[in-house]
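Okay, structure first, notes after.
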Amino acid sequence: MYDLIILGTGPAGLSAAVYAARYKMNFLVIGAVSGGTVTQAHQIENYPGIEGVTGIELGSKIEKHAKKLGAEITVDNIKKIEKKDGHFILHGNKKYEAKRILLTIGAERAKLKIKGEEEFLGKGVSYCATCDGPFFKDKVVCVVGGGNAAVTSALYMAELSKKVYLIYRGEELKAEPAWIEQLKSQKNAEIIYNANVTEIQGDKKVEKVLLDTGKTVELDGIFIEIGSTPNRALVSGLSLETDKLGYITVDAEMKTAEKGVWAAGDIAHNGFKLRQAITAAAEGAIAVYSIYLDTKK
Ligand SMILES: Cc1cc2nc3c(=O)[nH]c(=O)nc-3n(C[C@H](O)[C@H](O)[C@H](O)COP(=O)(O)OP(=O)(O)OC[C@H]3O[C@@H](n4cnc5c(N)ncnc54)[C@H](O)[C@@H]3O)c2cc1C
């Protein structure tokens with residue numbers, strides 16, 4: 001039985017592995033996708049010290065680092081986690097047992113599920129303006145959504161791009177009024193209400209989007225900011241607390257409400273959140289420090 005199983009091989013899980021290896025802990029890392037969600041980013045420009053890498057390169061660099069320090073990393077897709085006699089059993093292709101678990105299972109960006117969305121991912125379709133915005137300097141883009149993430153992304157893009165459309169399916173934006181006011185005062189921003197994007201079209205990259213109002217918008221990029229979905233099903237057997245969107249609530253040490261379970265990275269929530277590789281990595285390190293101290297009790 002392991003002292004710790006780290007579930008997830010994204011920036012949070014792999015950075016946690018670096019720290020666990022340095023603490024000489026008895027641990028295993030399990031993940032379905034090596035490198036995690038960050039591998040979907042075609043270019044990372046905001047990870048300090050590592051300039052201009054693809055997401056795949058960043059993920060594999062962190063993995064290589066963890067392995068070099070002695071981390072054991074297994075590829076498996078865990079279907080169920082159960083708590084039995086005070087320890088945890090993880091069911092995948094194999095069965096794994098640990099006294100403690102660190103959940104770094106990330107969250108999936110919500111999709112529009114429309115034609116062209118998958119085909120043009122990284123070729124004009126993005127789920128992260130903070131990450132990919134600079135690639136659209138002086139271009140025409142749209143942001144889809146009506147909450148804080150969408151409106152602040154549109155504001156950010158208004159600073160960078162020639163023109164930004166905010167396309168929202170409802171009549172009234174749901175973001176904080178101050179953000180909305182700020183966006184409305186931008187000369188190069190236009191809000192399109194009561195419209196759904198039904199298709200993304202282009203040749204080698206995005207060229208236009210079609211709306212269900214019959215309108216076509218010619219542009220270079222589309223940012224889909226309609227939220228993300230944490231993996232609730234996997235952790236349903238544990239007594240975790242979540243926020244209203246399903247993200248796992250953690251304290252300053254990244255401890256969850258269930259004894260023996262920590263969470264870090266995109267899946268975790270502790271009030272104020274920036275879902276990025278750098279913060280995920282930092283939370284992984286904090287969690288392992290807390291877990292290490294727990295093994296000494
Ligand atoms: C398109 C895109 C571009 C981005 N660009 C940037 C950027 O430029 N800069 C930046 O800092 N951030 C960027 N991000 C955000 C960044 O990718 C995330 O914040 C970061 O990856 C979160 O790390 P994490 O370790 O918490 O989760 P993730 O990276 O999502 O990793 C989750 C891990 O858990 C594993 N997992 C989940 N469920 C299971 C299971 N049941 N069994 C086994 N394993 C499982 C997955 O396989 C994966 O390894 C971008 C995100 C996207 C989608």
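Within each chain, counting starts at residue 1; across the structure tokens, chains are named A, B, ... in the order shown, with ligands numbered 1 upward in that order.
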Hey, what's within 9 Å of Lys115 in chain A if we count only C-alpha atoms and toss same-chain stuff fewer than 5 positions away? As a PDB file with C-alpha atoms, in the first residue's frame, please?
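around.pdb, written as the output of this step:
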```pdb
ATOM      1  CA  THR A 198     -24.200  27.196 -34.823  1.00  0.00           C
ATOM      2  CA  GLU A 199     -21.117  26.546 -36.942  1.00  0.00           C
ATOM      3  CA  ILE A 200     -17.460  27.546 -37.274  1.00  0.00           C
ATOM      4  CA  GLN A 201     -16.171  27.706 -40.836  1.00  0.00           C
TER       5      GLN A 201
END
```
Requested in this report: May I ask you to write as a PyMOL selection string all residues lying at most 7 Å from ligand 1, with only C-alpha atoms and all ligand atoms counted?
Outcome: chain A and resi 7-13+30-41+43-47+76-79+104-107+109+126-128+131-132+231+234+264-267+275-278+280-281
Report task. Please identify all polymer residues within 12 Å of range 211-218 of chain A, counting only C-alpha atoms, omitting same-chain residues fewer than 3 positions from it, and present them as number ranges by chain. Result -> A: 114, 139-144, 163-169, 190, 192-202, 206-208, 221-222
Selection near Glu159 in chain A, 9 Å with only C-alpha atoms, sequence-local residues under 5 positions removed, as a CSV table (one decimal) with all heavy atoms, in the first residue's frame:
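Ended up saving to around-v4.csv:
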```
chain,number,residue,atom,x,y,z
A,137,LYS,N,-3.5,39.3,-31.8
A,137,LYS,CA,-3.2,40.8,-31.7
A,137,LYS,C,-3.6,41.4,-33.1
A,137,LYS,O,-3.3,40.8,-34.2
A,137,LYS,CB,-1.7,41.0,-31.5
A,137,LYS,CG,-1.3,42.4,-31.1
A,137,LYS,CD,0.1,42.4,-30.5
A,137,LYS,CE,0.5,43.7,-30.0
A,137,LYS,NZ,0.6,44.8,-31.0
A,154,ALA,N,-13.5,39.1,-23.1
A,154,ALA,CA,-13.8,40.1,-24.1
A,154,ALA,C,-13.1,41.4,-23.9
A,154,ALA,O,-12.5,42.0,-24.8
A,154,ALA,CB,-15.3,40.3,-24.2
A,186,GLN,N,-15.9,50.2,-24.5
A,186,GLN,CA,-14.8,49.9,-25.4
A,186,GLN,C,-15.3,50.1,-26.9
A,186,GLN,O,-16.3,49.6,-27.3
A,186,GLN,CB,-14.3,48.4,-25.3
A,186,GLN,CG,-13.8,48.0,-24.0
A,186,GLN,CD,-12.5,48.7,-23.7
A,186,GLN,OE1,-11.6,48.9,-24.5
A,186,GLN,NE2,-12.3,49.1,-22.4
A,188,ASN,N,-14.0,49.2,-29.7
A,188,ASN,CA,-13.9,48.1,-30.6
A,188,ASN,C,-14.6,46.8,-30.1
A,188,ASN,O,-14.3,45.7,-30.6
A,188,ASN,CB,-12.4,47.8,-30.9
A,188,ASN,CG,-11.7,47.4,-29.6
A,188,ASN,OD1,-12.2,47.7,-28.5
A,188,ASN,ND2,-10.5,46.8,-29.7
```
Report task. Name the residues of range 158-250 of chain A that fall into alpha helix (DSSP H) according to DSSP on the backbone, using the chain letters and numbers of this document, as a PyMOL selection string. Result -> chain A and resi 158-160+177-184
Please return, as a PDB file with C-alpha atoms, in the first residue's frame, all residues of range 60-225 of chain A that DSSP assigns to strand (DSSP E) on the basis of the backbone.
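In the end it all went to out_2.pdb:
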```
ATOM      1  CA  ILE A  73       4.082   7.215 -13.128  1.00  0.00           C
ATOM      2  CA  THR A  74       1.413   4.819 -14.373  1.00  0.00           C
ATOM      3  CA  VAL A  75      -1.008   5.401 -17.254  1.00  0.00           C
ATOM      4  CA  LYS A  80     -14.067   4.490  -9.223  1.00  0.00           C
ATOM      5  CA  ILE A  81     -12.565   5.503  -5.875  1.00  0.00           C
ATOM      6  CA  GLU A  82     -13.759   3.913  -2.649  1.00  0.00           C
ATOM      7  CA  LYS A  83     -12.800   4.391   0.964  1.00  0.00           C
ATOM      8  CA  LYS A  84     -12.478   1.200   2.986  1.00  0.00           C
ATOM      9  CA  HIS A  87      -7.694   3.804   3.211  1.00  0.00           C
ATOM     10  CA  PHE A  88      -8.498   4.305  -0.471  1.00  0.00           C
ATOM     11  CA  ILE A  89      -8.944   1.850  -3.318  1.00  0.00           C
ATOM     12  CA  LEU A  90      -8.714   3.189  -6.861  1.00  0.00           C
ATOM     13  CA  HIS A  91     -10.235   1.011  -9.567  1.00  0.00           C
ATOM     14  CA  LYS A  95      -6.528  -1.853  -8.425  1.00  0.00           C
ATOM     15  CA  TYR A  96      -4.374   0.576  -6.429  1.00  0.00           C
ATOM     16  CA  GLU A  97      -4.393   1.184  -2.659  1.00  0.00           C
ATOM     17  CA  ALA A  98      -3.171   4.152  -0.649  1.00  0.00           C
ATOM     18  CA  LYS A  99      -3.473   5.715   2.787  1.00  0.00           C
ATOM     19  CA  ARG A 100      -3.907   9.171   1.250  1.00  0.00           C
ATOM     20  CA  ILE A 101      -4.897  10.505  -2.155  1.00  0.00           C
ATOM     21  CA  LEU A 102      -4.254  13.779  -3.913  1.00  0.00           C
ATOM     22  CA  LEU A 103      -6.847  14.542  -6.590  1.00  0.00           C
ATOM     23  CA  ALA A 107     -11.757  20.027 -15.326  1.00  0.00           C
ATOM     24  CA  GLU A 108     -13.005  19.894 -18.886  1.00  0.00           C
ATOM     25  CA  ARG A 109     -13.783  23.154 -20.667  1.00  0.00           C
ATOM     26  CA  VAL A 125     -10.757  28.009 -31.661  1.00  0.00           C
ATOM     27  CA  SER A 126      -9.614  28.493 -28.060  1.00  0.00           C
ATOM     28  CA  VAL A 140     -10.991  40.144 -35.262  1.00  0.00           C
ATOM     29  CA  VAL A 141     -12.283  37.697 -32.666  1.00  0.00           C
ATOM     30  CA  CYS A 142     -15.421  36.750 -30.795  1.00  0.00           C
ATOM     31  CA  VAL A 143     -15.957  35.529 -27.272  1.00  0.00           C
ATOM     32  CA  VAL A 144     -18.919  33.254 -26.610  1.00  0.00           C
ATOM     33  CA  LYS A 163     -12.405  44.108 -32.949  1.00  0.00           C
ATOM     34  CA  VAL A 164     -14.100  41.800 -30.464  1.00  0.00           C
ATOM     35  CA  TYR A 165     -17.663  40.525 -30.573  1.00  0.00           C
ATOM     36  CA  LEU A 166     -19.232  39.111 -27.428  1.00  0.00           C
ATOM     37  CA  ILE A 167     -21.888  36.631 -28.498  1.00  0.00           C
ATOM     38  CA  ALA A 189     -16.286  45.809 -28.693  1.00  0.00           C
ATOM     39  CA  GLU A 190     -19.761  44.826 -29.880  1.00  0.00           C
ATOM     40  CA  ILE A 191     -22.224  42.691 -27.930  1.00  0.00           C
ATOM     41  CA  ILE A 192     -24.523  40.423 -29.913  1.00  0.00           C
ATOM     42  CA  VAL A 197     -23.097  30.161 -32.714  1.00  0.00           C
ATOM     43  CA  THR A 198     -24.200  27.196 -34.823  1.00  0.00           C
ATOM     44  CA  GLU A 199     -21.117  26.546 -36.942  1.00  0.00           C
ATOM     45  CA  ILE A 200     -17.460  27.546 -37.274  1.00  0.00           C
ATOM     46  CA  GLN A 201     -16.171  27.706 -40.836  1.00  0.00           C
ATOM     47  CA  GLY A 202     -12.831  28.222 -42.532  1.00  0.00           C
ATOM     48  CA  VAL A 206     -11.157  29.896 -38.656  1.00  0.00           C
ATOM     49  CA  GLU A 207     -12.648  32.461 -41.061  1.00  0.00           C
ATOM     50  CA  LYS A 208     -16.239  32.934 -39.887  1.00  0.00           C
ATOM     51  CA  VAL A 209     -18.984  31.827 -37.513  1.00  0.00           C
ATOM     52  CA  LEU A 210     -22.640  31.323 -38.336  1.00  0.00           C
ATOM     53  CA  LEU A 211     -25.330  32.426 -35.893  1.00  0.00           C
ATOM     54  CA  THR A 216     -22.495  35.472 -40.379  1.00  0.00           C
ATOM     55  CA  VAL A 217     -19.547  37.049 -38.540  1.00  0.00           C
ATOM     56  CA  GLU A 218     -16.179  37.096 -40.309  1.00  0.00           C
ATOM     57  CA  GLY A 221     -10.649  33.571 -33.687  1.00  0.00           C
ATOM     58  CA  ILE A 222     -13.386  32.343 -31.378  1.00  0.00           C
ATOM     59  CA  PHE A 223     -12.937  32.060 -27.608  1.00  0.00           C
ATOM     60  CA  ILE A 224     -15.431  29.738 -25.980  1.00  0.00           C
TER      61      ILE A 224
END
```
Query - Separation of CA of Ser161 in chain A from CA of Ser185 in chain A in Å - result: 15.5 Å
Query - Length of the CA of Asn270 in chain A to CA of Val29 in chain A vector [Å] - result: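 Computing the Euclidean distance for CA of Asn270 in chain A and CA of Val29 in chain A yields 23.6 Å.
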**Report entry** Who sits within 8 Å of Ser15 in chain A, only C-alpha atoms, same chain under 4 positions skipped, as a PyMOL selection string
**Finding:** chain A and resi 11+19+62+66+281-282+284-285
Query - Minimum-distance residue to Leu293 in chain A, chosen among A:Ala71, A:Val151, A:Ala20, A:Met157 (using only C-alpha atoms) - result: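 Smallest separation from Leu293 in chain A among the options: A:Ala20.
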Report summary line: A straight line from CA of Leu245 in chain A to CA of Ala178 in chain A spans 23.0 Å
Requested in this report: Find the residue from A:Leu183, A:Leu28, A:Lys204, A:Ala268 that sits nearest to Arg232 in chain A; use only C-alpha atoms when measuring.
Outcome: A:Ala268
Query raised in the report: Pick the closest to Val250 in chain A from A:Lys24, A:Lys273, A:Lys296, A:Lys68: which is it, counting only C-alpha atoms?
Result: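 Looking at the shortest contact to Val250 in chain A, the residue is A:Lys273.
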**Report entry** Residue contacts of Glu176 in chain A (9 Å, only C-alpha atoms) excluding same-chain residues fewer than 5 positions away, as a list in words
**Finding:**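 Contacts, in chain order: Gly147, Asn148, Val151 and Glu181 of chain A.
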May I have the residues from that selection written out with N, CA, C and O atoms, as a PDB file, in the first residue's frame?
```
ATOM      1  N   GLY A 147     -21.004  35.223 -18.810  1.00  0.00           N
ATOM      2  CA  GLY A 147     -20.614  35.349 -17.403  1.00  0.00           C
ATOM      3  C   GLY A 147     -19.327  36.154 -17.259  1.00  0.00           C
ATOM      4  O   GLY A 147     -18.818  36.732 -18.227  1.00  0.00           O
ATOM      5  N   ASN A 148     -18.782  36.158 -16.039  1.00  0.00           N
ATOM      6  CA  ASN A 148     -17.555  36.912 -15.766  1.00  0.00           C
ATOM      7  C   ASN A 148     -16.396  36.485 -16.665  1.00  0.00           C
ATOM      8  O   ASN A 148     -15.652  37.327 -17.176  1.00  0.00           O
ATOM      9  N   VAL A 151     -16.977  37.913 -20.207  1.00  0.00           N
ATOM     10  CA  VAL A 151     -16.885  39.376 -20.303  1.00  0.00           C
ATOM     11  C   VAL A 151     -15.450  39.857 -20.037  1.00  0.00           C
ATOM     12  O   VAL A 151     -14.940  40.721 -20.755  1.00  0.00           O
ATOM     13  N   GLU A 181     -20.130  47.281 -17.855  1.00  0.00           N
ATOM     14  CA  GLU A 181     -20.030  48.713 -18.161  1.00  0.00           C
ATOM     15  C   GLU A 181     -18.716  49.015 -18.889  1.00  0.00           C
ATOM     16  O   GLU A 181     -18.679  49.735 -19.880  1.00  0.00           O
TER      17      GLU A 181
END
```
